[in-house]
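Shown below: target-v5.cif, with mmCIF, C-alpha atoms.
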```
data_my_file
loop_
_atom_site.label_atom_id
_atom_site.label_comp_id
_atom_site.auth_asym_id
_atom_site.auth_seq_id
_atom_site.Cartn_x
_atom_site.Cartn_y
_atom_site.Cartn_z
CA MET A 1 -49.84 -3.03 -134.31
CA ASN A 2 -48.82 -3.38 -130.66
CA SER A 3 -52.50 -3.32 -129.64
CA ALA A 4 -52.58 -6.98 -130.61
CA SER A 5 -49.65 -7.90 -128.37
CA SER A 6 -51.76 -9.10 -125.43
CA ARG A 7 -54.46 -10.79 -127.49
CA SER A 8 -54.61 -14.38 -128.64
CA GLY A 9 -56.06 -15.81 -131.82
CA ILE A 10 -55.36 -17.26 -135.22
CA LEU A 11 -54.01 -15.46 -138.29
CA LEU A 12 -54.41 -16.85 -141.80
CA VAL A 13 -51.48 -15.82 -144.00
CA ASP A 14 -50.90 -16.33 -147.72
CA LYS A 15 -47.19 -17.17 -147.81
CA PRO A 16 -45.30 -15.83 -150.82
CA GLN A 17 -42.75 -17.86 -152.75
CA GLY A 18 -39.16 -17.57 -151.57
CA LEU A 19 -39.85 -17.23 -147.86
CA THR A 20 -39.61 -20.02 -145.31
CA SER A 21 -42.43 -20.61 -142.85
CA HIS A 22 -40.07 -19.35 -140.14
CA ASP A 23 -39.58 -16.12 -142.11
CA VAL A 24 -43.34 -15.57 -142.04
CA VAL A 25 -43.48 -16.28 -138.31
CA ALA A 26 -40.64 -13.79 -137.68
CA ARG A 27 -42.41 -11.04 -139.63
CA THR A 28 -45.70 -11.76 -137.88
CA ARG A 29 -44.02 -11.49 -134.49
CA ARG A 30 -43.04 -7.94 -135.37
CA LEU A 31 -46.48 -7.12 -136.73
CA ALA A 32 -48.29 -8.58 -133.72
CA GLY A 33 -45.88 -7.19 -131.14
CA THR A 34 -45.28 -10.55 -129.47
CA ARG A 35 -42.72 -13.37 -129.57
CA LYS A 36 -45.45 -15.96 -129.04
CA VAL A 37 -46.25 -16.88 -132.64
CA GLY A 38 -46.19 -20.36 -134.15
CA HIS A 39 -47.48 -22.07 -137.28
CA ALA A 40 -49.36 -25.26 -138.13
CA GLY A 41 -47.69 -27.07 -141.03
CA THR A 42 -44.49 -26.01 -142.77
CA LEU A 43 -44.40 -24.83 -146.38
CA ASP A 44 -41.16 -25.01 -148.37
CA PRO A 45 -39.74 -21.77 -149.81
CA LEU A 46 -40.86 -22.96 -153.28
CA ALA A 47 -44.46 -23.23 -152.08
CA THR A 48 -47.06 -20.51 -151.61
CA GLY A 49 -50.39 -20.47 -149.87
CA LEU A 50 -52.05 -20.93 -146.55
CA LEU A 51 -50.17 -20.79 -143.27
CA VAL A 52 -52.22 -20.95 -140.08
CA LEU A 53 -50.47 -18.94 -137.36
CA GLY A 54 -51.26 -18.99 -133.65
CA VAL A 55 -50.68 -15.86 -131.57
CA ASN A 56 -50.01 -15.90 -127.81
CA SER A 57 -52.00 -18.61 -126.00
CA SER A 58 -53.64 -19.69 -129.26
CA THR A 59 -50.40 -21.41 -130.20
CA ARG A 60 -51.97 -24.21 -128.14
CA LEU A 61 -54.75 -24.44 -130.73
CA LEU A 62 -52.21 -25.25 -133.44
CA THR A 63 -51.91 -28.77 -132.04
CA TYR A 64 -55.51 -29.30 -133.15
CA VAL A 65 -55.00 -27.69 -136.57
CA VAL A 66 -51.77 -29.28 -137.79
CA GLY A 67 -53.32 -32.73 -138.31
CA LEU A 68 -56.33 -31.54 -140.31
CA GLU A 69 -56.99 -32.50 -143.95
CA LYS A 70 -55.16 -30.31 -146.46
CA GLU A 71 -55.74 -29.25 -150.05
CA TYR A 72 -53.11 -28.21 -152.59
CA GLU A 73 -52.87 -27.08 -156.18
CA ALA A 74 -49.68 -28.11 -157.92
CA VAL A 75 -47.96 -28.54 -161.27
CA ILE A 76 -46.16 -31.82 -161.91
CA ARG A 77 -43.58 -31.74 -164.70
CA LEU A 78 -43.15 -35.13 -166.33
CA GLY A 79 -39.94 -35.85 -168.24
CA ALA A 80 -37.21 -35.41 -165.63
CA SER A 81 -36.48 -36.49 -162.08
CA THR A 82 -34.50 -34.28 -159.70
CA THR A 83 -32.53 -34.65 -156.49
CA THR A 84 -35.17 -32.78 -154.51
CA ASP A 85 -38.28 -33.97 -156.41
CA ASP A 86 -38.92 -30.33 -157.30
CA ALA A 87 -37.55 -27.62 -159.59
CA GLU A 88 -34.93 -26.50 -157.07
CA GLY A 89 -32.89 -29.69 -157.42
CA GLU A 90 -30.43 -31.01 -159.97
CA VAL A 91 -31.62 -33.27 -162.77
CA LEU A 92 -31.03 -36.97 -162.12
CA GLU A 93 -32.52 -38.39 -165.31
CA ARG A 94 -34.23 -36.97 -168.37
CA ALA A 95 -36.61 -38.76 -170.69
CA ALA A 96 -36.45 -38.57 -174.48
CA ALA A 97 -38.97 -36.22 -176.06
CA SER A 98 -40.60 -39.15 -177.84
CA ASP A 99 -41.19 -40.95 -174.53
CA VAL A 100 -42.74 -37.86 -172.97
CA GLU A 101 -44.96 -37.30 -176.01
CA ALA A 102 -46.14 -40.91 -175.75
CA VAL A 103 -47.59 -40.28 -172.27
CA THR A 104 -51.29 -39.70 -172.80
CA PRO A 105 -53.60 -37.69 -170.55
CA GLU A 106 -55.45 -40.94 -169.88
CA ALA A 107 -52.25 -42.58 -168.65
CA VAL A 108 -51.66 -39.63 -166.33
CA VAL A 109 -55.15 -39.93 -164.83
CA ALA A 110 -54.69 -43.68 -164.34
CA GLY A 111 -51.28 -43.16 -162.78
CA LEU A 112 -52.63 -40.63 -160.29
CA ALA A 113 -55.61 -42.85 -159.45
CA ALA A 114 -53.16 -45.57 -158.42
CA LEU A 115 -51.60 -43.12 -155.92
CA THR A 116 -54.87 -42.26 -154.15
CA GLY A 117 -56.48 -43.86 -151.12
CA ASP A 118 -54.78 -45.18 -148.01
CA VAL A 119 -51.24 -45.61 -149.27
CA LEU A 120 -47.67 -46.01 -148.09
CA GLN A 121 -45.69 -43.03 -149.33
CA ARG A 122 -41.92 -42.61 -149.18
CA PRO A 123 -41.21 -38.98 -148.20
CA SER A 124 -38.82 -36.90 -150.27
CA SER A 125 -35.21 -37.21 -149.13
CA VAL A 126 -35.10 -33.43 -148.61
CA SER A 127 -38.00 -33.41 -146.17
CA ALA A 128 -37.74 -32.02 -142.63
CA ILE A 129 -38.00 -35.51 -141.12
CA LYS A 130 -35.22 -36.17 -138.64
CA VAL A 131 -32.78 -39.03 -139.21
CA ASP A 132 -30.71 -39.78 -136.10
CA GLY A 133 -31.45 -36.30 -134.77
CA LYS A 134 -30.63 -34.42 -137.98
CA ARG A 135 -33.02 -33.16 -140.64
CA ALA A 136 -33.04 -35.27 -143.78
CA TYR A 137 -32.57 -32.24 -146.03
CA ALA A 138 -29.48 -31.22 -144.05
CA ARG A 139 -27.97 -34.67 -144.57
CA VAL A 140 -28.67 -34.50 -148.31
CA ARG A 141 -27.07 -31.04 -148.55
CA GLY A 142 -24.06 -32.48 -146.74
CA GLY A 143 -23.60 -35.04 -149.50
CA GLU A 144 -25.30 -38.02 -147.86
CA THR A 145 -27.71 -40.35 -149.65
CA VAL A 146 -30.94 -40.50 -147.67
CA VAL A 147 -33.80 -42.95 -148.29
CA LEU A 148 -36.65 -42.53 -145.83
CA ASP A 149 -39.07 -45.23 -144.76
CA ALA A 150 -42.54 -45.18 -146.30
CA ARG A 151 -45.33 -43.76 -144.16
CA ALA A 152 -49.06 -44.36 -144.15
CA VAL A 153 -51.01 -41.39 -145.55
CA THR A 154 -54.45 -40.86 -147.01
CA ILE A 155 -54.74 -39.17 -150.38
CA SER A 156 -58.47 -38.61 -150.80
CA SER A 157 -58.38 -37.30 -154.35
CA ILE A 158 -56.10 -36.06 -157.10
CA ASP A 159 -57.99 -34.17 -159.79
CA VAL A 160 -56.30 -33.23 -163.05
CA LEU A 161 -57.02 -29.58 -163.89
CA ALA A 162 -54.90 -29.36 -167.06
CA SER A 163 -52.33 -31.41 -168.97
CA GLU A 164 -50.16 -30.08 -171.78
CA LEU A 165 -46.84 -30.62 -173.54
CA VAL A 166 -44.32 -27.82 -173.03
CA SER A 167 -40.89 -27.02 -174.40
CA THR A 168 -38.72 -25.45 -171.72
CA ALA A 169 -35.42 -25.72 -169.89
CA ALA A 170 -34.81 -28.45 -167.34
CA PRO A 171 -33.97 -27.40 -163.76
CA GLY A 172 -30.33 -27.23 -162.84
CA ASP A 173 -28.73 -27.73 -166.26
CA GLY A 174 -30.87 -25.26 -168.20
CA GLU A 175 -30.97 -27.54 -171.23
CA PRO A 176 -34.19 -27.25 -173.28
CA GLY A 177 -36.47 -30.25 -173.49
CA THR A 178 -39.99 -31.52 -173.96
CA PHE A 179 -42.08 -32.11 -170.85
CA ARG A 180 -45.69 -32.69 -169.91
CA ASP A 181 -47.00 -30.28 -167.29
CA VAL A 182 -49.90 -31.68 -165.28
CA SER A 183 -51.86 -29.29 -163.07
CA VAL A 184 -53.58 -31.07 -160.18
CA ARG A 185 -55.67 -30.46 -157.10
CA VAL A 186 -54.82 -32.79 -154.20
CA VAL A 187 -56.85 -33.43 -151.06
CA CYS A 188 -54.85 -35.39 -148.52
CA SER A 189 -54.05 -36.12 -144.90
CA SER A 190 -51.41 -34.33 -142.90
CA GLY A 191 -47.97 -35.78 -143.58
CA THR A 192 -48.49 -36.23 -147.32
CA TYR A 193 -45.69 -34.98 -149.58
CA ILE A 194 -46.90 -33.55 -152.88
CA ARG A 195 -43.34 -33.75 -154.22
CA ALA A 196 -43.47 -37.48 -153.61
CA ILE A 197 -46.64 -37.71 -155.71
CA ALA A 198 -44.79 -36.00 -158.58
CA ARG A 199 -41.84 -38.37 -158.18
CA ASP A 200 -43.99 -41.49 -157.95
CA LEU A 201 -46.14 -40.54 -160.95
CA GLY A 202 -43.03 -39.95 -163.05
CA ASP A 203 -41.58 -43.28 -161.95
CA ALA A 204 -44.81 -45.14 -162.74
CA LEU A 205 -44.96 -43.62 -166.22
CA GLY A 206 -41.27 -44.28 -166.87
CA VAL A 207 -40.32 -40.67 -167.65
CA GLY A 208 -39.49 -39.18 -164.25
CA GLY A 209 -41.30 -36.30 -162.60
CA HIS A 210 -40.84 -33.37 -160.29
CA LEU A 211 -42.86 -30.50 -158.85
CA THR A 212 -42.64 -26.99 -160.31
CA VAL A 213 -45.53 -25.23 -158.52
CA LEU A 214 -47.13 -25.88 -155.13
CA ARG A 215 -49.84 -23.85 -153.44
CA ARG A 216 -51.71 -24.85 -150.29
CA THR A 217 -55.32 -23.75 -150.60
CA ARG A 218 -56.96 -25.22 -147.50
CA ILE A 219 -56.27 -26.62 -144.03
CA GLY A 220 -59.41 -28.14 -142.52
CA PRO A 221 -62.15 -25.47 -142.62
CA PHE A 222 -59.73 -22.63 -143.37
CA GLY A 223 -59.45 -21.67 -147.04
CA ILE A 224 -56.91 -19.51 -148.83
CA ASP A 225 -59.73 -17.08 -149.72
CA ARG A 226 -59.71 -15.98 -146.07
CA ALA A 227 -55.95 -15.44 -145.87
CA HIS A 228 -54.06 -12.15 -146.00
CA THR A 229 -50.72 -11.33 -147.56
CA LEU A 230 -47.86 -10.07 -145.41
CA GLU A 231 -48.24 -6.68 -147.11
CA THR A 232 -51.93 -6.31 -146.24
CA ILE A 233 -52.38 -8.19 -142.97
CA ASP A 234 -53.29 -6.24 -139.86
CA ALA A 235 -52.41 -8.30 -136.80
CA ASP A 236 -55.18 -6.64 -134.78
CA ARG A 237 -57.99 -6.44 -137.34
CA ASP A 238 -57.42 -9.88 -138.90
CA LEU A 239 -56.97 -11.91 -135.71
CA LEU A 240 -59.55 -14.71 -135.50
CA ALA A 241 -60.80 -15.13 -131.94
CA PRO A 242 -60.01 -18.44 -130.22
CA ALA A 243 -63.71 -19.16 -129.59
CA ALA A 244 -64.57 -18.60 -133.26
CA VAL A 245 -61.73 -20.85 -134.39
CA ALA A 246 -62.62 -23.60 -131.92
CA ALA A 247 -66.24 -23.42 -133.11
CA GLU A 248 -65.08 -24.15 -136.66
CA LEU A 249 -63.13 -27.16 -135.48
CA TYR A 250 -65.44 -28.71 -132.89
CA PRO A 251 -68.98 -28.56 -131.51
CA SER A 252 -69.29 -25.64 -129.07
CA ILE A 253 -71.01 -25.98 -125.70
CA PRO A 254 -72.03 -22.90 -123.63
CA PHE A 255 -71.29 -22.90 -119.89
CA ASP A 256 -72.69 -20.61 -117.22
CA ALA A 257 -70.41 -18.45 -115.07
CA SER A 258 -70.13 -20.99 -112.23
CA GLN A 259 -69.38 -23.88 -114.57
CA ALA A 260 -66.87 -21.75 -116.49
CA ALA A 261 -65.02 -20.90 -113.30
CA ASP A 262 -64.84 -24.57 -112.33
CA LEU A 263 -63.56 -25.60 -115.75
CA ARG A 264 -60.92 -22.87 -115.71
CA ASN A 265 -59.73 -24.20 -112.38
CA GLY A 266 -59.43 -27.70 -113.81
CA LYS A 267 -62.45 -29.04 -111.96
CA ARG A 268 -64.84 -31.56 -113.45
CA VAL A 269 -68.32 -30.27 -114.22
CA ALA A 270 -71.43 -32.48 -114.18
CA LEU A 271 -73.37 -32.38 -117.44
CA ASP A 272 -76.61 -33.99 -118.49
CA ALA A 273 -75.09 -35.32 -121.70
CA GLU A 274 -73.93 -38.54 -123.29
CA ASN A 275 -70.28 -39.48 -123.39
CA ALA A 276 -68.29 -37.62 -126.05
CA PRO A 277 -64.56 -38.34 -126.42
CA GLY A 278 -64.07 -34.79 -127.64
CA PRO A 279 -62.58 -32.43 -128.16
CA LEU A 280 -65.53 -30.12 -127.56
CA ALA A 281 -65.19 -26.34 -127.23
CA ALA A 282 -66.30 -24.80 -123.93
CA ILE A 283 -67.58 -21.21 -124.26
CA ASP A 284 -68.24 -18.89 -121.30
CA PRO A 285 -71.13 -16.36 -121.00
CA ASP A 286 -68.92 -13.61 -122.47
CA GLY A 287 -68.27 -15.64 -125.61
CA LEU A 288 -64.69 -16.47 -124.63
CA LEU A 289 -63.07 -19.85 -125.13
CA ILE A 290 -62.57 -21.59 -121.82
CA GLY A 291 -60.86 -24.58 -123.34
CA LEU A 292 -61.36 -27.95 -124.97
CA PHE A 293 -62.94 -30.78 -123.04
CA GLU A 294 -64.49 -34.23 -123.30
CA ILE A 295 -67.50 -35.80 -121.60
CA ARG A 296 -67.00 -39.02 -119.65
CA GLY A 297 -69.65 -40.50 -117.36
CA GLY A 298 -71.76 -37.33 -117.54
CA THR A 299 -68.79 -35.19 -116.51
CA ALA A 300 -66.90 -32.54 -118.47
CA ARG A 301 -63.17 -33.11 -118.21
CA VAL A 302 -60.73 -30.47 -119.40
CA LEU A 303 -58.24 -31.39 -122.15
CA VAL A 304 -56.63 -27.95 -122.42
CA ASN A 305 -57.53 -24.51 -121.06
CA PHE A 306 -56.94 -21.09 -122.62
CA PRO A 307 -56.28 -17.89 -120.68
CA THR A 308 -58.87 -15.13 -120.98
CA ASP A 309 -56.71 -12.44 -122.53
CA GLY A 310 -59.20 -10.45 -124.55
CA GLY A 311 -59.65 -12.83 -127.48
CA ALA A 312 -63.42 -12.41 -127.56
CA ALA A 313 -65.58 -13.99 -130.20
#
```
Can I see the file as structure tokens?
Amino acid sequence: MNSASSRSGILLVDKPQGLTSHDVVARTRRLAGTRKVGHAGTLDPLATGLLVLGVNSSTRLLTYVVGLEKEYEAVIRLGASTTTDDAEGEVLERAAASDVEAVTPEAVVAGLAALTGDVLQRPSSVSAIKVDGKRAYARVRGGETVVLDARAVTISSIDVLASELVSTAAPGDGEPGTFRDVSVRVVCSSGTYIRAIARDLGDALGVGGHLTVLRRTRIGPFGIDRAHTLETIDADRDLLAPAAVAAELYPSIPFDASQAADLRNGKRVALDAENAPGPLAAIDPDGLLIGLFEIRGGTARVLVNFPTDGGAA
């Protein structure tokens, strides 16, 4: 796979359960033959699904991917709250079977509707948010009690895909119980915690809740149907060219050879165009991504440039 070592681009990977996002990056570095690999948006080991990886100079593109809208499919288990708001934690409280059975599908839909829109969400205490320079999850594992401040997020929709009563063991203690498993599809802004949705729904319904399954299915225009597993990915064949990726994110503007040279040198280029705050993608005559730019006062101004290292469209 070393033929990909000098090329830049984006790889779409379907992360398996049990691996950290860093594990996937480490494996991809070996596959791509380069140390310059990064990812846009961490997935917990419990979670599966889409990771967008940048290779070589395309790690710069990740800045423009990480904040895009995301889509998840998840299973919320109502009937118990946990220390981590997911199935990997210890049970804090369990609801009686009769209370769980009294929760109707209609109540679930109403409870989720109340969590959608522009909301203030309190992140899970085991998130990667730093508290006084230390990750929140590390503080929790060290025995500290961590309560994070609520953050503004946008949860565009939460659709219920299935809702059923199940008899199974609770996480941590292994004791059997009655729970309601709610399968959902969530479309949300970057920074939203799906575990927090499970927790908040359980609190609102008075029975507790935690996450048992989480799969990210989309980041912006990139869907899980385009991703490759670590077993099947070819770091050369499956590399998406920077120009093609930028074209999916922003309007693309072609530049002639002289204009392209000026942009690459950081010069401003006169354009007969209206102001556009950008970013816009600048493409050279060979189909390569020059960089991202904006238009101010009829002039193209570079926001970020990308080296021409063979990542053709």
Interatomic distance (Å, one decimal) between CA of Ser163 in chain A and CA of Arg94 in chain A: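 So the two atoms, CA of Ser163 in chain A and CA of Arg94 in chain A, lie 18.9 Å apart.
Listed by chain and then by number, the residues chosen by the PyMOL selection byres ((chain A and resi 240) around 8) in this file are Gly9, Ile10, Leu11, Asp238, Leu239, Ala241, Pro242, Ala244 and Val245 of chain A.
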Closest to Leu211 in chain A among A:Ser6, A:Thr308, A:Thr83, A:Asn265, using all atoms listed in the file?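 Residue with the minimum atom-to-atom distance to Leu211 in chain A: A:Thr83.
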Between A:Ala114, A:Thr34, A:Glu90, A:Arg296, single out the one closest to Ala204 in chain A, counting all atoms listed in the file. A:Ala114
Which residues would end up in the selection if the PyMOL selection byres ((chain A and resi 98) around 12) were applied here, given that I need the answer as a VMD selection string? chain A and resid 79 94 to 97 99 to 104 165 177 to 180 207
Contact residues around Leu148 in chain A with all atoms listed in the file at 7 Å, ignoring same-chain residues under 4 positions, as an mmCIF file with C-alpha atoms, keeping the file's coordinate frame:
```
data_model
loop_
_atom_site.group_PDB
_atom_site.id
_atom_site.type_symbol
_atom_site.label_atom_id
_atom_site.label_comp_id
_atom_site.auth_asym_id
_atom_site.auth_seq_id
_atom_site.Cartn_x
_atom_site.Cartn_y
_atom_site.Cartn_z
ATOM 1 C CA ARG A 122 -41.920 -42.610 -149.180
ATOM 2 C CA PRO A 123 -41.210 -38.980 -148.200
ATOM 3 C CA SER A 125 -35.210 -37.210 -149.130
#
```
Would you work out the distance separating CA of Phe255 in chain A from CA of Pro285 in chain A, expressed in Å to one decimal? 6.6 Å
With the file shown as input, list the residues that the PyMOL selection byres ((chain A and resi 74) around 9) selects, as a PyMOL selection string. chain A and resi 72-73+75-76+182-186+194+211-216
Dump as number ranges by chain all residues having an atom at most 10 Å from (-49.2, -21.2, -129.1), computed in the file's coordinates with all atoms listed in the file. A: 8-10, 36-40, 53-63
Can you tell me, as AutoDock Vina command-line options, the centre and edge lengths (Å, one decimal) of the axis-aligned box enclosing all of range 176-193 of chain A's listed atoms after padding each side by 3 Å?
```
--center_x -45.5 --center_y -31.7 --center_z -158.4 --size_x 28.7 --size_y 15.0 --size_z 37.1
```
